[in-house]
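Take a look at the structure set out below.
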Amino acid sequence: MLGDQTEGLRARKKRVAREAIAATARRLFAERGFDAVTVAEIAAVADVSEKTVFNHFPTKVDLAFAGREEGLARLVADIKGRPPGASVLDVFRALTANVMDGFVAPGDEDLLAVAKIIRGSRTLQERLTVGWESGAADVTAAIAETAGAADDDLVPAIVARTLWFTHRSIFLAALHGLLAEEDREQLAARLRVQADRVYDQLAAGLGDYGRRA
């Protein structure tokens, strides 16, 4: 029992240290821009060694996207653990709704800070694109596993990318709206309507979409 408690304490200390380093990096990136800040400066301000920073974050880019791995892991877990009768589309609809309700409408300052940091760095913009594709691969694997699909079945990959990039498009629209200082409640309300339209269209199937008379 004591061993379990000790391991739990270690994990908590590691998480707290990681979050403190990420928060320091985010603040410095917001103040001076991603490209102008070094890992050595982040370590000094966070009062840790460079080695400690790299133990938590393999690259400086990983510092800018801290938390992404946890979010993706939660999505994969939701896909795998969805209750009977719930579709993969239902999981993504809920994910998009949570972004509107949990980040956009209340005005999450961390999200806005990250958006500004990314806007100021081409390196981060390119990494964001790579990250979305990497995420699509993880989502594809989760969908294929829960559907019992064969290894050469393309359907899970197509479903995954359709839903993943639907969410991505709405998420990016939210970031653009926040950067343009659009009223947050109005932005969230506008995007909720559009998200419902998109997911309803996908749920109904795309067979007739764009068909000419």
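Ordering of the structure tokens sets the chain letters (A, B, ...), residue numbers begin anew at 1 in every chain, and ligands are numbered from 1 in the order given.
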
Each residue of stretch 31-143 of chain A lying at most 9 Å from stretch 175-183 of chain A should get a row with its shortest atom-to-atom pair and the distance in Å to one decimal, counting only C-alpha atoms; could you produce that, ordered by chain and increasing number, as a tab-separated table?
residue	atom	partner	partner_atom	distance
A:Val104	CA	A:Leu178	CA	7.7
A:Ala105	CA	A:Asp183	CA	8.8
A:Gly107	CA	A:Leu178	CA	8.4
A:Leu111	CA	A:Leu175	CA	8.1
A:Leu112	CA	A:Leu178	CA	6.7
A:Ala115	CA	A:Leu175	CA	6.3
A:Lys116	CA	A:Leu179	CA	7.1

Task: Non-local contacts of A:Phe103 (10 Å; only C-alpha atoms; under 6 positions in same chain excluded) as an NGL selection string - done: :A and (97 or 109-112 or 174 or 184 or 188)

Task: Residue neighbourhood A:Ala141, 12 Å, only C-alpha atoms, exclusion window fewer than 5 positions, as a PyMOL selection string - done: chain A and resi 76-77+79-80+134-136+146-161

So that I have them on file, write out the residues from the current selection with all heavy atoms, as a compact mmCIF listing (two decimals), in the first residue's frame.
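What follows is the written file again.txt:
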# COMPACT_ATOMS: atom_id res chain seq x y z
N VAL A 76 -8.59 9.28 -27.65
CA VAL A 76 -8.46 7.86 -27.98
C VAL A 76 -9.19 7.00 -26.96
O VAL A 76 -9.87 6.04 -27.31
CB VAL A 76 -6.96 7.48 -28.07
CG1 VAL A 76 -6.79 5.96 -28.14
CG2 VAL A 76 -6.31 8.13 -29.29
N ALA A 77 -9.05 7.36 -25.67
CA ALA A 77 -9.74 6.61 -24.62
C ALA A 77 -11.26 6.73 -24.78
O ALA A 77 -12.00 5.75 -24.56
CB ALA A 77 -9.31 7.12 -23.25
N ILE A 79 -12.89 7.18 -27.58
CA ILE A 79 -13.28 6.37 -28.74
C ILE A 79 -13.36 4.90 -28.34
O ILE A 79 -14.33 4.20 -28.65
CB ILE A 79 -12.29 6.57 -29.90
CG1 ILE A 79 -12.41 7.98 -30.46
CG2 ILE A 79 -12.54 5.54 -31.01
CD1 ILE A 79 -11.33 8.33 -31.48
N LYS A 80 -12.34 4.43 -27.65
CA LYS A 80 -12.31 3.02 -27.26
C LYS A 80 -13.35 2.69 -26.19
O LYS A 80 -13.87 1.58 -26.15
CB LYS A 80 -10.91 2.67 -26.74
CG LYS A 80 -9.83 2.69 -27.80
CD LYS A 80 -8.48 2.28 -27.21
CE LYS A 80 -7.40 2.22 -28.28
NZ LYS A 80 -6.09 1.80 -27.72
N SER A 134 -0.35 13.34 -37.26
CA SER A 134 0.02 12.31 -36.30
C SER A 134 -1.18 11.90 -35.45
O SER A 134 -1.40 10.72 -35.18
CB SER A 134 1.15 12.83 -35.40
OG SER A 134 1.43 11.91 -34.37
N GLY A 135 -1.97 12.89 -35.06
CA GLY A 135 -3.17 12.60 -34.29
C GLY A 135 -4.16 11.77 -35.09
O GLY A 135 -4.82 10.86 -34.55
N ALA A 136 -4.28 12.04 -36.38
CA ALA A 136 -5.18 11.28 -37.24
C ALA A 136 -4.80 9.81 -37.25
O ALA A 136 -5.67 8.93 -37.30
CB ALA A 136 -5.17 11.85 -38.65
N THR A 146 -11.69 -0.71 -32.42
CA THR A 146 -13.05 -0.88 -31.89
C THR A 146 -14.02 -1.41 -32.94
O THR A 146 -15.04 -2.00 -32.59
CB THR A 146 -13.59 0.45 -31.34
OG1 THR A 146 -13.59 1.44 -32.38
CG2 THR A 146 -12.74 0.95 -30.18
N ALA A 147 -13.69 -1.21 -34.22
CA ALA A 147 -14.56 -1.71 -35.28
C ALA A 147 -14.18 -3.13 -35.71
O ALA A 147 -14.89 -3.75 -36.50
CB ALA A 147 -14.48 -0.78 -36.50
N GLY A 148 -13.06 -3.61 -35.20
CA GLY A 148 -12.60 -4.93 -35.61
C GLY A 148 -12.23 -4.98 -37.08
O GLY A 148 -12.39 -6.01 -37.74
N ALA A 149 -11.70 -3.89 -37.60
CA ALA A 149 -11.38 -3.79 -39.02
C ALA A 149 -10.11 -4.55 -39.36
O ALA A 149 -9.20 -4.68 -38.53
CB ALA A 149 -11.22 -2.33 -39.42
N ALA A 150 -10.05 -5.01 -40.58
CA ALA A 150 -8.85 -5.69 -41.07
C ALA A 150 -7.73 -4.67 -41.26
O ALA A 150 -7.98 -3.47 -41.43
CB ALA A 150 -9.14 -6.40 -42.38
N ASP A 151 -6.50 -5.16 -41.26
CA ASP A 151 -5.35 -4.27 -41.38
C ASP A 151 -5.35 -3.47 -42.68
O ASP A 151 -4.84 -2.35 -42.73
CB ASP A 151 -4.04 -5.08 -41.29
CG ASP A 151 -3.82 -5.65 -39.90
OD1 ASP A 151 -4.44 -5.14 -38.95
OD2 ASP A 151 -3.02 -6.59 -39.78
N ASP A 152 -5.91 -4.04 -43.74
CA ASP A 152 -5.90 -3.35 -45.04
C ASP A 152 -7.20 -2.61 -45.33
O ASP A 152 -7.42 -2.14 -46.45
CB ASP A 152 -5.61 -4.35 -46.17
CG ASP A 152 -6.67 -5.45 -46.27
OD1 ASP A 152 -7.52 -5.54 -45.35
OD2 ASP A 152 -6.65 -6.22 -47.25
N ASP A 153 -8.04 -2.46 -44.30
CA ASP A 153 -9.32 -1.75 -44.47
C ASP A 153 -9.07 -0.24 -44.41
O ASP A 153 -8.55 0.27 -43.42
CB ASP A 153 -10.29 -2.18 -43.36
CG ASP A 153 -11.71 -1.68 -43.60
OD1 ASP A 153 -11.91 -0.85 -44.51
OD2 ASP A 153 -12.61 -2.12 -42.86
N LEU A 154 -9.46 0.46 -45.46
CA LEU A 154 -9.25 1.91 -45.53
C LEU A 154 -10.35 2.71 -44.83
O LEU A 154 -10.17 3.91 -44.57
CB LEU A 154 -9.16 2.36 -47.00
CG LEU A 154 -7.92 1.91 -47.77
CD1 LEU A 154 -8.05 2.36 -49.23
CD2 LEU A 154 -6.66 2.48 -47.15
N VAL A 155 -11.46 2.09 -44.53
CA VAL A 155 -12.60 2.83 -43.97
C VAL A 155 -12.23 3.52 -42.65
O VAL A 155 -12.54 4.71 -42.46
CB VAL A 155 -13.83 1.93 -43.80
CG1 VAL A 155 -14.94 2.65 -43.04
CG2 VAL A 155 -14.34 1.48 -45.17
N PRO A 156 -11.59 2.85 -41.69
CA PRO A 156 -11.25 3.55 -40.44
C PRO A 156 -10.40 4.80 -40.66
O PRO A 156 -10.61 5.83 -40.00
CB PRO A 156 -10.47 2.49 -39.65
CG PRO A 156 -10.98 1.19 -40.16
CD PRO A 156 -11.21 1.42 -41.62
N ALA A 157 -9.46 4.74 -41.60
CA ALA A 157 -8.61 5.91 -41.87
C ALA A 157 -9.41 7.05 -42.45
O ALA A 157 -9.20 8.23 -42.10
CB ALA A 157 -7.48 5.52 -42.82
N ILE A 158 -10.34 6.74 -43.34
CA ILE A 158 -11.15 7.78 -43.97
C ILE A 158 -12.12 8.39 -42.96
O ILE A 158 -12.29 9.61 -42.89
CB ILE A 158 -11.90 7.21 -45.18
CG1 ILE A 158 -10.89 6.82 -46.27
CG2 ILE A 158 -12.91 8.22 -45.73
CD1 ILE A 158 -11.47 6.04 -47.41
N VAL A 159 -12.74 7.54 -42.14
CA VAL A 159 -13.64 8.04 -41.10
C VAL A 159 -12.86 8.91 -40.11
O VAL A 159 -13.31 10.00 -39.73
CB VAL A 159 -14.33 6.87 -40.37
CG1 VAL A 159 -15.08 7.38 -39.14
CG2 VAL A 159 -15.28 6.14 -41.31
N ALA A 160 -11.70 8.42 -39.70
CA ALA A 160 -10.89 9.15 -38.73
C ALA A 160 -10.51 10.53 -39.24
O ALA A 160 -10.66 11.54 -38.54
CB ALA A 160 -9.63 8.35 -38.39
N ARG A 161 -10.01 10.59 -40.46
CA ARG A 161 -9.57 11.88 -41.00
C ARG A 161 -10.74 12.81 -41.28
O ARG A 161 -10.62 14.02 -41.12
CB ARG A 161 -8.72 11.64 -42.26
CG ARG A 161 -7.31 11.23 -41.90
CD ARG A 161 -6.52 10.67 -43.05
NE ARG A 161 -5.12 10.47 -42.66
CZ ARG A 161 -4.69 9.48 -41.89
NH1 ARG A 161 -5.57 8.58 -41.43
NH2 ARG A 161 -3.42 9.38 -41.56

TODO: Apply DSSP to the backbone of this structure and, from stretch 47-125 of chain A, keep only the residues in alpha helix (DSSP H); write these as a PyMOL selection string.
DONE: chain A and resi 50-56+60-64+68-80+88-99+109-119+122-125

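Taking atom CA of A:Thr96 as the reference point, atom CA of A:Asp138 is found at 17.7 Å.
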
Open item on the list: Using only C-alpha atoms, can you tell me which of A:Arg119, A:Arg15, A:Arg93, A:Arg27 comes closest to A:Tyr199?
Closed with: A:Arg93

Open item on the list: Measuring between only C-alpha atoms, which one of A:Glu126, A:Glu19, A:Asp101, A:Glu145 shows the shortest distance to A:His56?
Closed with: A:Glu19

Open item on the list: My list of candidates is A:Leu187, A:Ala11, A:Leu163, A:Ala144. Which is closest to A:Ala94 when distances are computed with only C-alpha atoms?
Closed with: A:Leu163

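Atom pair atom CA of A:Ala44 / atom CA of A:Ala20 has a distance of 12.5 Å (rounded to one decimal).
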
Open item on the list: List the spatial neighbours of A:Asp196 as a PyMOL selection string - criterion: any atom at most 12 Å away, only C-alpha atoms, same-chain residues fewer than 6 positions off excluded.
Closed with: chain A and resi 89-90+92-94+96-97+100+166-167+170+189-190+202-204

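Minimum atom-to-atom distances from A:Ser87, A:Thr162, A:Ser121, A:Thr52 to A:Val37 were compared using only C-alpha atoms, and the lowest value belongs to A:Ser121.
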
Task: Selected residue, from A:Ala137, A:Ala23, A:Val61, A:Ala66, that lies nearest to A:Ala46 when counting only C-alpha atoms - done: A:Ala23

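Between atom CA of A:Arg122 and atom CA of A:Ala64 the separation is 12.7 Å.
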
Task: Best match for closeness to A:Arg18 among A:Ala113, A:Ala30, A:Leu63, A:Val130, counting only C-alpha atoms - done: A:Leu63
